[in-house]
$ cat work-v3.tsv   # TSV, C-alpha atoms and all ligand atoms
chain	number	residue	atom	x	y	z
A	1	MET	CA	76.48	154.89	14.34
A	2	ASN	CA	73.93	157.36	12.99
A	3	THR	CA	76.10	158.03	9.97
A	4	ILE	CA	76.15	154.30	9.15
A	5	THR	CA	72.35	154.17	9.47
A	6	ASP	CA	71.99	157.22	7.20
A	7	ALA	CA	74.44	155.94	4.58
A	8	LEU	CA	72.61	152.60	4.37
A	9	ILE	CA	69.21	154.31	4.21
A	10	GLU	CA	70.56	156.33	1.27
A	11	LEU	CA	71.71	153.00	-0.27
A	12	ASP	CA	75.23	154.44	-0.53
A	13	GLU	CA	77.24	151.22	-0.64
A	14	ASP	CA	80.74	152.73	-0.71
A	15	ARG	CA	80.04	155.16	2.11
A	16	THR	CA	78.37	152.52	4.30
A	17	LEU	CA	81.25	150.08	3.94
A	18	ARG	CA	83.85	152.82	4.43
A	19	LEU	CA	82.12	154.01	7.62
A	20	VAL	CA	81.89	150.46	8.95
A	21	GLU	CA	85.58	149.88	8.25
A	22	GLN	CA	86.46	153.16	9.97
A	23	ALA	CA	84.33	152.27	12.99
A	24	LEU	CA	86.04	148.88	13.27
A	25	VAL	CA	89.51	150.46	12.99
A	26	GLN	CA	88.52	152.88	15.76
A	27	GLY	CA	87.67	149.89	17.96
A	28	GLU	CA	83.88	150.02	17.71
A	29	ARG	CA	82.17	146.76	18.65
A	30	SER	CA	80.27	144.79	16.01
A	31	LEU	CA	76.88	144.57	17.74
A	32	PRO	CA	76.12	148.33	17.64
A	33	ILE	CA	77.02	148.31	13.93
A	34	VAL	CA	74.51	145.50	13.34
A	35	SER	CA	71.87	147.46	15.27
A	36	ALA	CA	72.57	150.58	13.18
A	37	CYS	CA	72.06	148.53	10.01
A	38	GLU	CA	68.87	146.88	11.33
A	39	GLN	CA	67.47	150.33	12.03
A	40	ALA	CA	68.27	151.38	8.46
A	41	MET	CA	66.57	148.24	7.07
A	42	ARG	CA	63.39	149.14	8.94
A	43	VAL	CA	63.37	152.62	7.36
A	44	ILE	CA	64.14	151.16	3.91
A	45	GLY	CA	61.20	148.76	4.31
A	46	GLU	CA	58.91	151.66	5.22
A	47	ARG	CA	60.11	153.65	2.20
A	48	TYR	CA	59.44	150.64	-0.02
A	49	GLN	CA	55.95	150.36	1.43
A	50	ARG	CA	55.33	154.07	0.69
A	51	GLU	CA	56.64	153.42	-2.83
A	52	GLU	CA	59.51	155.84	-2.31
A	53	TYR	CA	61.91	152.94	-2.98
A	54	PHE	CA	61.50	150.15	-5.49
A	55	LEU	CA	62.42	146.47	-5.42
A	56	SER	CA	65.89	147.34	-6.73
A	57	GLY	CA	66.36	149.39	-3.54
A	58	LEU	CA	65.48	146.39	-1.36
A	59	ILE	CA	67.89	144.22	-3.34
A	60	LEU	CA	70.72	146.73	-2.98
A	61	ALA	CA	70.00	147.20	0.74
A	62	GLY	CA	70.17	143.44	1.21
A	63	GLU	CA	73.51	143.28	-0.62
A	64	ILE	CA	75.01	146.11	1.42
A	65	PHE	CA	73.90	144.51	4.70
A	66	ARG	CA	75.40	141.23	3.57
A	67	GLU	CA	78.73	142.96	2.84
A	68	VAL	CA	78.64	144.69	6.23
A	69	LEU	CA	78.09	141.34	7.95
A	70	ALA	CA	81.02	139.84	6.03
A	71	LEU	CA	83.23	142.68	7.33
A	72	ILE	CA	82.23	142.31	10.95
A	73	ARG	CA	81.50	138.58	11.29
A	74	PRO	CA	84.81	137.57	12.92
A	75	GLY	CA	84.33	140.25	15.59
A	76	LEU	CA	80.66	139.48	16.06
A	77	GLU	CA	81.14	135.90	17.22
A	78	GLY	CA	83.96	136.94	19.55
A	79	GLU	CA	81.82	139.56	21.28
A	80	MET	CA	79.20	137.12	22.43
A	81	GLU	CA	79.11	135.86	25.95
A	82	GLY	CA	77.86	132.68	27.52
A	83	HIS	CA	78.02	129.15	26.29
A	84	SER	CA	75.37	126.55	25.61
A	85	SER	CA	75.32	123.30	23.80
A	86	GLY	CA	72.35	122.23	21.80
A	87	THR	CA	71.33	121.84	18.19
A	88	VAL	CA	69.13	124.25	16.30
A	89	LEU	CA	67.69	123.45	12.90
A	90	LEU	CA	67.12	126.74	11.11
A	91	GLY	CA	65.61	127.86	7.83
A	92	THR	CA	63.45	130.40	6.04
A	93	VAL	CA	60.08	128.82	5.36
A	94	ALA	CA	58.58	127.95	1.97
A	95	GLY	CA	57.66	130.92	-0.20
A	96	ASP	CA	60.08	133.29	1.51
A	97	ILE	CA	63.63	134.06	0.39
A	98	HIS	CA	64.67	136.65	3.00
A	99	ASP	CA	67.79	135.36	4.72
A	100	ILE	CA	69.71	138.24	6.27
A	101	GLY	CA	67.98	137.91	9.65
A	102	LYS	CA	68.21	134.12	9.54
A	103	ASN	CA	71.94	134.28	8.81
A	104	LEU	CA	72.45	136.77	11.59
A	105	THR	CA	70.53	134.46	13.93
A	106	ALA	CA	72.73	131.53	12.88
A	107	THR	CA	75.88	133.55	13.60
A	108	THR	CA	74.51	134.68	16.97
A	109	LEU	CA	73.55	131.15	17.99
A	110	ARG	CA	76.93	129.75	16.91
A	111	GLY	CA	78.62	132.53	18.83
A	112	HIS	CA	76.88	131.17	21.91
A	113	GLY	CA	78.00	127.60	21.34
A	114	PHE	CA	74.95	126.17	19.59
A	115	THR	CA	75.32	123.79	16.67
A	116	VAL	CA	73.27	125.25	13.85
A	117	ILE	CA	72.05	123.29	10.85
A	118	ASP	CA	70.99	125.86	8.29
A	119	LEU	CA	68.61	124.58	5.61
A	120	GLY	CA	68.65	127.83	3.63
A	121	VAL	CA	65.63	129.65	2.21
A	122	ASP	CA	62.26	128.68	0.74
A	123	VAL	CA	62.34	125.44	2.73
A	124	PRO	CA	59.24	123.21	2.43
A	125	PRO	CA	57.72	121.63	5.59
A	126	ARG	CA	58.75	118.15	4.41
A	127	THR	CA	62.42	119.20	4.24
A	128	PHE	CA	62.26	120.55	7.80
A	129	LEU	CA	60.65	117.32	8.95
A	130	ASP	CA	63.17	115.06	7.17
A	131	ALA	CA	66.07	117.03	8.64
A	132	ALA	CA	64.49	116.94	12.11
A	133	VAL	CA	64.14	113.15	11.89
A	134	THR	CA	67.77	112.77	10.77
A	135	ASP	CA	69.43	115.37	12.99
A	136	ARG	CA	67.18	115.31	16.10
A	137	PRO	CA	67.56	119.02	16.91
A	138	ASP	CA	66.51	120.38	20.30
A	139	ILE	CA	64.98	123.41	18.62
A	140	VAL	CA	63.67	124.26	15.16
A	141	GLY	CA	63.84	127.95	14.19
A	142	LEU	CA	61.56	129.12	11.41
A	143	SER	CA	62.33	132.46	9.82
A	144	GLY	CA	59.75	134.42	7.83
A	145	LEU	CA	59.40	138.06	6.83
A	146	ILE	CA	56.41	138.19	4.55
A	147	THR	CA	52.73	137.56	5.14
A	148	ALA	CA	52.88	134.70	2.64
A	149	ALA	CA	55.18	132.89	5.08
A	150	PHE	CA	52.46	132.56	7.73
A	151	GLU	CA	50.81	129.48	6.21
A	152	SER	CA	54.21	127.85	5.64
A	153	MET	CA	55.15	128.44	9.27
A	154	ARG	CA	51.90	126.86	10.37
A	155	ALA	CA	52.25	123.87	8.02
A	156	THR	CA	55.86	123.32	9.13
A	157	THR	CA	55.01	123.56	12.83
A	158	THR	CA	52.10	121.15	12.39
A	159	ALA	CA	54.29	118.68	10.50
A	160	LEU	CA	56.93	118.75	13.26
A	161	LYS	CA	54.49	118.57	16.16
A	162	SER	CA	52.43	115.71	14.72
A	163	ALA	CA	55.24	113.55	13.32
A	164	ASP	CA	55.14	109.97	14.64
A	165	GLU	CA	58.82	109.65	13.64
A	166	LEU	CA	59.76	112.18	16.33
A	167	ALA	CA	59.31	110.76	19.83
A	168	LEU	CA	60.65	113.93	21.42
A	169	LYS	CA	59.10	116.86	19.59
A	170	PRO	CA	61.49	119.78	19.00
A	171	HIS	CA	60.63	123.17	20.41
A	172	VAL	CA	59.54	125.44	17.52
A	173	ILE	CA	60.51	129.10	17.61
A	174	LEU	CA	59.34	131.62	15.01
A	175	GLY	CA	61.52	134.60	14.05
A	176	GLY	CA	61.27	137.57	11.72
A	177	GLY	CA	60.18	141.18	11.57
A	178	ILE	CA	56.42	140.56	11.45
A	179	VAL	CA	56.21	137.61	13.81
A	180	ASP	CA	54.12	138.12	16.95
A	181	ALA	CA	52.25	136.28	19.71
A	182	GLU	CA	49.12	135.95	17.59
A	183	LEU	CA	51.04	134.31	14.74
A	184	CYS	CA	52.74	132.03	17.25
A	185	ARG	CA	49.32	130.86	18.49
A	186	PHE	CA	47.99	130.52	14.94
A	187	CYS	CA	50.91	128.27	14.02
A	188	GLY	CA	50.92	126.27	17.25
A	189	ALA	CA	54.59	127.19	17.79
A	190	ASP	CA	56.20	127.37	21.23
A	191	SER	CA	57.81	130.81	21.13
A	192	TRP	CA	58.59	133.73	18.89
A	193	THR	CA	60.86	136.74	18.62
A	194	ASN	CA	61.96	139.47	16.25
A	195	ASN	CA	65.37	139.79	17.80
A	196	ALA	CA	68.25	137.34	17.34
A	197	MET	CA	69.72	137.93	20.82
A	198	GLU	CA	66.36	137.30	22.45
A	199	GLY	CA	66.15	134.16	20.32
A	200	VAL	CA	69.41	132.96	21.86
A	201	ARG	CA	68.10	133.61	25.36
A	202	ILE	CA	64.90	131.69	24.58
A	203	CYS	CA	66.94	128.75	23.24
A	204	GLN	CA	69.22	128.80	26.29
A	205	GLY	CA	66.21	128.81	28.63
A	206	LEU	CA	64.66	125.93	26.78
A	207	LEU	CA	67.72	123.77	26.92
A	208	ALA	CA	68.12	124.44	30.62
A	209	ALA	CA	64.47	123.43	31.18
A	210	ARG	CA	64.87	120.31	29.04
A	211	HIS	CA	68.03	119.21	30.78
A	212	GLY	CA	66.47	119.93	34.17
A	213	ALA	CA	63.45	117.79	33.25
A	214	SER	CA	65.57	114.89	31.97
A	215	ALA	CA	67.73	115.03	35.11
A	216	ALA	CA	64.55	114.89	37.24
A	217	ASP	CA	63.40	111.87	35.19
A	218	GLY	CA	66.68	110.15	35.88
A	219	GLY	CA	68.28	111.38	32.67
A	220	SER	CA	68.00	110.06	29.14
B	1	LIG	C1	66.16	143.39	2.21
B	1	LIG	C2	64.71	143.05	1.91
B	1	LIG	C3	64.45	142.24	0.81
B	1	LIG	C4	65.57	141.55	0.01
B	1	LIG	C5	66.02	140.31	0.85
B	1	LIG	C6	67.47	140.00	0.64
B	1	LIG	C7	67.89	138.84	1.52
B	1	LIG	N1	68.88	138.14	1.05
B	1	LIG	O1	67.33	138.57	2.58
B	1	LIG	C8	64.81	141.15	-1.31
B	1	LIG	C9	65.03	142.22	-2.34
B	1	LIG	C10	65.18	139.80	-1.92
B	1	LIG	C11	63.35	141.21	-0.85
B	1	LIG	C12	62.34	140.62	-1.57
B	1	LIG	C13	60.99	140.80	-1.26
B	1	LIG	N2	60.48	141.54	-0.26
B	1	LIG	CO1	61.56	142.29	1.18
B	1	LIG	N3	62.39	143.33	2.48
B	1	LIG	C14	63.64	143.56	2.72
B	1	LIG	C15	63.76	144.50	3.94
B	1	LIG	C16	64.01	145.92	3.46
B	1	LIG	C17	64.81	144.16	4.99
B	1	LIG	C18	64.76	142.74	5.54
B	1	LIG	C19	65.97	142.52	6.41
B	1	LIG	O2	66.94	141.91	5.99
B	1	LIG	N4	65.95	143.10	7.63
B	1	LIG	C20	67.11	143.05	8.54
B	1	LIG	C21	67.08	141.74	9.35
B	1	LIG	C22	68.33	141.67	10.24
B	1	LIG	O3	65.93	141.74	10.16
B	1	LIG	P1	64.98	140.44	10.34
B	1	LIG	O4	64.96	139.63	9.12
B	1	LIG	O5	63.70	140.86	10.95
B	1	LIG	O6	65.82	139.55	11.37
B	1	LIG	C23	66.00	139.86	12.73
B	1	LIG	C24	64.95	139.25	13.65
B	1	LIG	O7	63.66	139.22	13.08
B	1	LIG	C25	65.50	137.91	14.00
B	1	LIG	N5	65.16	136.72	13.19
B	1	LIG	C26	64.96	136.58	11.87
B	1	LIG	N6	64.71	135.32	11.56
B	1	LIG	C27	64.78	134.60	12.70
B	1	LIG	C28	64.60	133.25	12.96
B	1	LIG	C29	64.73	132.79	14.27
B	1	LIG	C30	64.53	131.36	14.54
B	1	LIG	C31	65.03	133.69	15.32
B	1	LIG	C32	65.15	133.21	16.70
B	1	LIG	C33	65.20	135.06	15.05
B	1	LIG	C34	65.08	135.50	13.76
B	1	LIG	O8	66.90	138.07	13.94
B	1	LIG	C35	67.29	139.16	13.14
B	1	LIG	C36	68.23	140.02	13.96
B	1	LIG	O9	67.65	140.50	15.14
B	1	LIG	C37	62.33	144.32	4.58
B	1	LIG	C38	61.86	145.47	5.47
B	1	LIG	C39	61.80	145.09	6.94
B	1	LIG	N7	61.40	146.04	7.71
B	1	LIG	O10	62.07	143.99	7.35
B	1	LIG	C40	61.48	144.07	3.33
B	1	LIG	C41	60.16	143.30	3.47
B	1	LIG	C42	60.28	142.14	4.43
B	1	LIG	N8	59.97	142.79	2.10
B	1	LIG	C43	58.75	142.84	1.70
B	1	LIG	C44	58.28	142.40	0.44
B	1	LIG	C45	56.83	142.71	0.09
B	1	LIG	C46	59.13	141.71	-0.45
B	1	LIG	C47	58.73	141.10	-1.80
B	1	LIG	C48	57.37	140.36	-1.81
B	1	LIG	C49	58.78	142.21	-2.85
B	1	LIG	C50	58.33	141.81	-4.24
B	1	LIG	N9	57.36	142.54	-4.74
B	1	LIG	O11	58.83	140.91	-4.83
B	1	LIG	C51	59.91	140.13	-2.04
B	1	LIG	C52	59.64	138.75	-1.41
B	1	LIG	C53	60.23	137.65	-2.16
B	1	LIG	C54	60.03	136.33	-1.40
B	1	LIG	N10	59.28	135.42	-1.98
B	1	LIG	O12	60.53	136.16	-0.31
B	1	LIG	C55	57.82	143.41	2.77
B	1	LIG	C56	56.96	142.32	3.42
B	1	LIG	C57	55.55	142.82	3.70
B	1	LIG	C58	54.63	141.71	4.13
B	1	LIG	N11	54.00	141.94	5.28
B	1	LIG	O13	54.46	140.71	3.50
B	1	LIG	C59	58.84	144.15	3.71
B	1	LIG	C60	58.41	144.21	5.20
B	1	LIG	C61	58.99	145.58	3.14
B	1	LIG	C62	57.72	146.41	3.32
B	1	LIG	N12	57.62	147.21	4.37
B	1	LIG	O14	56.84	146.35	2.50
B	1	LIG	N13	63.22	141.93	0.29
$ encode --input "work-v3.tsv" --output "C-alpha cells"
Amino acid sequence: MNTITDALIELDEDRTLRLVEQALVQGERSLPIVSACEQAMRVIGERYQREEYFLSGLILAGEIFREVLALIRPGLEGEMEGHSSGTVLLGTVAGDIHDIGKNLTATTLRGHGFTVIDLGVDVPPRTFLDAAVTDRPDIVGLSGLITAAFESMRATTTALKSADELALKPHVILGGGIVDAELCRFCGADSWTNNAMEGVRICQGLLAARHGASAADGGS
C-alpha cells in the first residue's frame, strides 16, 4: 500500500494505476487502496500549501484518484457490510467544486443500501431545498473542502431547517477534510465527519432513531 501512496504523491499516473491493478490481481481489497490514496491526497494538499506543488498538481492528483476509483469501484461496493434503507440527498455546496470525497461517500452509502440523490458540485442552497421538498430525503449530506464553503454550508442548513415546506426536517450532516464540531455548530447542522465510513454509521444510527421514534408514536 505504501508504494501506491508514494506513486500518487509523486503524481506518477502510470505507476499508480499499474500498482493498483497489480494489487487487485493479487486479491487486495479495495478499501485499503482507497485509504492509501486518501493518505497521498493529504500529503499532496500539504505540499500545495507549502507551494511545493502547484494547482496543476492538484488537478492531476484529482484525475489519478478518479481513475483509481473507476478501477476499484465494483469491488468497493461488494466489500461493504450491513444494509439500511433510507434516502440521502448529497452535494458539494455552492462555491466549491471538490467532488472526489463526495463521490466516494455516495458509493459508500449506496454500498450500504442507501438511495443517494447526488446533486453534483457548486450546489446553491435553493437547489438543495427544492430537491429536499421534491424528494423528501431522510438526510442531507453537504460536502465542502474549502474555507469558502463554510458560509454556503450555513446558508444551506438554515434554508433546510427553516423551510415551511418541509414538515419533517431532514437531518443535516456536514462532510469534508476541514469540517469539525465548531463548523457544525456554526452552521446549525446535526452532525459532521471527515470520513465516509463514519458518515454511513451516523446515517444508519439516525435512521434507526427515526424509525424507533415513529414506531413509538404509532408509526407514520
Ligand atoms: C484534489 C484537490 C483539488 C482538485 C479537486 C478535484 C475534484 N474533482 O475534486 C482541484 C484541482 C479541482 C482543486 C481545486 C482547488 N483547491 Co483543492 N485540493 C485537492 C486536494 C489535494 C485533495 C482533495 C481530495 O480529493 N481528497 C481526498 C478525498 C477522498 O477526501 P475528502 O474530500 O476529505 O473526503 C473524505 C471525507 O472528508 C468524507 N466526505 C467528503 N464529503 C463528504 C460529505 C458527506 C455528507 C460525508 C458524510 C462525508 C464526506 O468522505 C471522504 C472519504 O472518507 C485537497 C487537499 C486535502 N488535504 O484535502 C486540496 C484542497 C482542499 N484544495 C484547496 C484549495 C485552496 C483549492 C483551490 C481554491 C485552489 C485554487 N487556487 O484555485 C481550488 C478550489 C476551487 C473551488 N472553487 O472549489 C485547499 C483548501 C484550503 C482551504 N482551507 O480553503 C486544500 C486543503 C489544499 C491545501 N492544503 O491548501 N483541488
$ residues_near_ligand --input "work-v3.tsv" --ligand "ligand LIG 1 (chain B)" --cutoff "6 Å" --atoms "only C-alpha atoms and all ligand atoms" --output "ChimeraX atom specification"
/A:38,41-42,44-46,48-49,55,58-59,61-62,95-102,104-105,141-143,145-147,173-177,193-196,199
$ residues_around --input "work-v3.tsv" --residues "A:Glu63" --least-positions-apart "4" --cutoff "12 Å" --atoms "all atoms listed in the file" --output "list in words"
Leu8, Leu11, Asp12, Glu13, Asp14, Thr16, Leu17, Cys37, Met41, Ser56, Gly57, Leu58, Ile59, Glu67, Val68, Leu69, Ala70, His98, Asp99 and Ile100 of chain A
$ closest_residue --input "work-v3.tsv" --among "A:Gly91, A:Gly205, A:Ser152, A:Leu166" --to "A:Phe186" --atoms "all atoms listed in the file"
A:Ser152
$ residues_around --input "work-v3.tsv" --residues "A:Leu109" --least-positions-apart "5" --cutoff "10 Å" --atoms "all atoms listed in the file" --output "PDB file with C-alpha atoms, keeping the file's coordinate frame"
ATOM      1  CA  GLU A  77      81.140 135.900  17.220  1.00  0.00           C
ATOM      2  CA  MET A  80      79.200 137.120  22.430  1.00  0.00           C
ATOM      3  CA  HIS A  83      78.020 129.150  26.290  1.00  0.00           C
ATOM      4  CA  SER A  84      75.370 126.550  25.610  1.00  0.00           C
ATOM      5  CA  SER A  85      75.320 123.300  23.800  1.00  0.00           C
ATOM      6  CA  GLY A  86      72.350 122.230  21.800  1.00  0.00           C
ATOM      7  CA  THR A  87      71.330 121.840  18.190  1.00  0.00           C
ATOM      8  CA  VAL A  88      69.130 124.250  16.300  1.00  0.00           C
ATOM      9  CA  ASN A 103      71.940 134.280   8.810  1.00  0.00           C
ATOM     10  CA  LEU A 104      72.450 136.770  11.590  1.00  0.00           C
ATOM     11  CA  PHE A 114      74.950 126.170  19.590  1.00  0.00           C
ATOM     12  CA  THR A 115      75.320 123.790  16.670  1.00  0.00           C
ATOM     13  CA  VAL A 116      73.270 125.250  13.850  1.00  0.00           C
ATOM     14  CA  ALA A 196      68.250 137.340  17.340  1.00  0.00           C
ATOM     15  CA  MET A 197      69.720 137.930  20.820  1.00  0.00           C
ATOM     16  CA  GLY A 199      66.150 134.160  20.320  1.00  0.00           C
ATOM     17  CA  VAL A 200      69.410 132.960  21.860  1.00  0.00           C
ATOM     18  CA  ARG A 201      68.100 133.610  25.360  1.00  0.00           C
ATOM     19  CA  CYS A 203      66.940 128.750  23.240  1.00  0.00           C
ATOM     20  CA  GLN A 204      69.220 128.800  26.290  1.00  0.00           C
TER      21      GLN A 204
END
$ atom_distance --input "work-v3.tsv" --atom1 "atom CA of A:Gln22" --atom2 "atom CA of A:Ser35"
16.5 Å
$ residues_around --input "work-v3.tsv" --residues "A:Phe128" --least-positions-apart "2" --cutoff "9 Å" --atoms "all atoms listed in the file" --output "NGL selection string"
:A and (89-91 or 93 or 119 or 123-126 or 130-133 or 140 or 156 or 159-160)
$ atom_distance --input "work-v3.tsv" --atom1 "atom CA of A:Phe150" --atom2 "atom CA of A:Tyr53"
24.9 Å
$ decode --input "work-v3.tsv" --residues "stretch 148-181 of chain A" --atoms "N, CA and C atoms" --output "CSV table (one decimal), in the first residue's frame"
chain,number,residue,atom,x,y,z
A,148,ALA,N,-14.1,28.7,1.9
A,148,ALA,CA,-15.2,29.5,1.3
A,148,ALA,C,-16.5,28.7,1.3
A,149,ALA,N,-16.5,27.4,1.6
A,149,ALA,CA,-17.7,26.6,1.6
A,149,ALA,C,-18.5,26.8,2.9
A,150,PHE,N,-17.8,27.3,4.0
A,150,PHE,CA,-18.4,27.4,5.3
A,150,PHE,C,-19.7,28.2,5.2
A,151,GLU,N,-19.7,29.4,4.6
A,151,GLU,CA,-20.9,30.2,4.6
A,151,GLU,C,-22.0,29.5,3.8
A,152,SER,N,-21.6,28.8,2.7
A,152,SER,CA,-22.6,28.0,1.9
A,152,SER,C,-23.3,26.9,2.7
A,153,MET,N,-22.4,26.3,3.5
A,153,MET,CA,-23.0,25.2,4.4
A,153,MET,C,-24.0,25.7,5.4
A,154,ARG,N,-23.6,26.9,5.9
A,154,ARG,CA,-24.5,27.5,6.9
A,154,ARG,C,-25.8,27.9,6.2
A,155,ALA,N,-25.7,28.6,5.1
A,155,ALA,CA,-26.9,29.1,4.4
A,155,ALA,C,-27.8,27.9,4.0
A,156,THR,N,-27.2,26.8,3.5
A,156,THR,CA,-28.0,25.7,3.1
A,156,THR,C,-28.7,25.0,4.3
A,157,THR,N,-27.9,24.9,5.4
A,157,THR,CA,-28.5,24.3,6.6
A,157,THR,C,-29.7,25.1,7.1
A,158,THR,N,-29.5,26.4,7.1
A,158,THR,CA,-30.5,27.3,7.6
A,158,THR,C,-31.8,27.2,6.7
A,159,ALA,N,-31.5,27.2,5.4
A,159,ALA,CA,-32.7,27.1,4.4
A,159,ALA,C,-33.5,25.8,4.7
A,160,LEU,N,-32.7,24.7,4.9
A,160,LEU,CA,-33.4,23.4,5.1
A,160,LEU,C,-34.1,23.3,6.5
A,161,LYS,N,-33.5,23.9,7.5
A,161,LYS,CA,-34.1,23.8,8.8
A,161,LYS,C,-35.2,24.8,9.0
A,162,SER,N,-35.3,25.8,8.2
A,162,SER,CA,-36.4,26.8,8.4
A,162,SER,C,-37.5,26.7,7.4
A,163,ALA,N,-37.4,25.8,6.5
A,163,ALA,CA,-38.4,25.7,5.4
A,163,ALA,C,-39.7,25.3,5.9
A,164,ASP,N,-40.7,26.1,5.6
A,164,ASP,CA,-42.1,25.8,6.0
A,164,ASP,C,-42.6,24.6,5.1
A,165,GLU,N,-42.0,24.5,3.9
A,165,GLU,CA,-42.5,23.4,3.0
A,165,GLU,C,-42.1,22.0,3.5
A,166,LEU,N,-41.1,21.9,4.5
A,166,LEU,CA,-40.7,20.6,5.0
A,166,LEU,C,-41.2,20.4,6.4
A,167,ALA,N,-42.3,19.6,6.5
A,167,ALA,CA,-42.8,19.4,7.9
A,167,ALA,C,-41.8,18.6,8.7
A,168,LEU,N,-41.3,17.5,8.1
A,168,LEU,CA,-40.2,16.8,8.8
A,168,LEU,C,-38.9,17.2,8.3
A,169,LYS,N,-38.1,17.9,9.1
A,169,LYS,CA,-36.9,18.5,8.7
A,169,LYS,C,-35.8,17.4,8.5
A,170,PRO,N,-35.1,17.4,7.4
A,170,PRO,CA,-34.1,16.3,7.3
A,170,PRO,C,-32.9,16.6,8.2
A,171,HIS,N,-32.2,15.5,8.6
A,171,HIS,CA,-31.0,15.6,9.4
A,171,HIS,C,-29.9,16.1,8.4
A,172,VAL,N,-29.2,17.1,8.9
A,172,VAL,CA,-28.1,17.6,8.0
A,172,VAL,C,-26.7,17.2,8.5
A,173,ILE,N,-26.0,16.5,7.7
A,173,ILE,CA,-24.6,16.1,8.1
A,173,ILE,C,-23.6,16.8,7.2
A,174,LEU,N,-22.6,17.3,7.8
A,174,LEU,CA,-21.5,18.0,7.0
A,174,LEU,C,-20.3,17.0,6.8
A,175,GLY,N,-19.7,17.1,5.7
A,175,GLY,CA,-18.5,16.2,5.4
A,175,GLY,C,-17.5,16.9,4.6
A,176,GLY,N,-16.2,16.5,4.9
A,176,GLY,CA,-15.1,17.1,4.1
A,176,GLY,C,-13.9,17.2,5.0
A,177,GLY,N,-12.7,17.4,4.4
A,177,GLY,CA,-11.5,17.4,5.2
A,177,GLY,C,-11.4,18.4,6.3
A,178,ILE,N,-12.0,19.6,6.1
A,178,ILE,CA,-11.8,20.6,7.1
A,178,ILE,C,-13.0,20.9,8.0
A,179,VAL,N,-14.0,20.0,7.9
A,179,VAL,CA,-15.2,20.1,8.7
A,179,VAL,C,-14.9,19.6,10.2
A,180,ASP,N,-15.4,20.4,11.1
A,180,ASP,CA,-15.3,19.9,12.5
A,180,ASP,C,-16.5,20.3,13.4
A,181,ALA,N,-16.4,20.1,14.7
A,181,ALA,CA,-17.5,20.3,15.6
A,181,ALA,C,-17.9,21.8,15.6
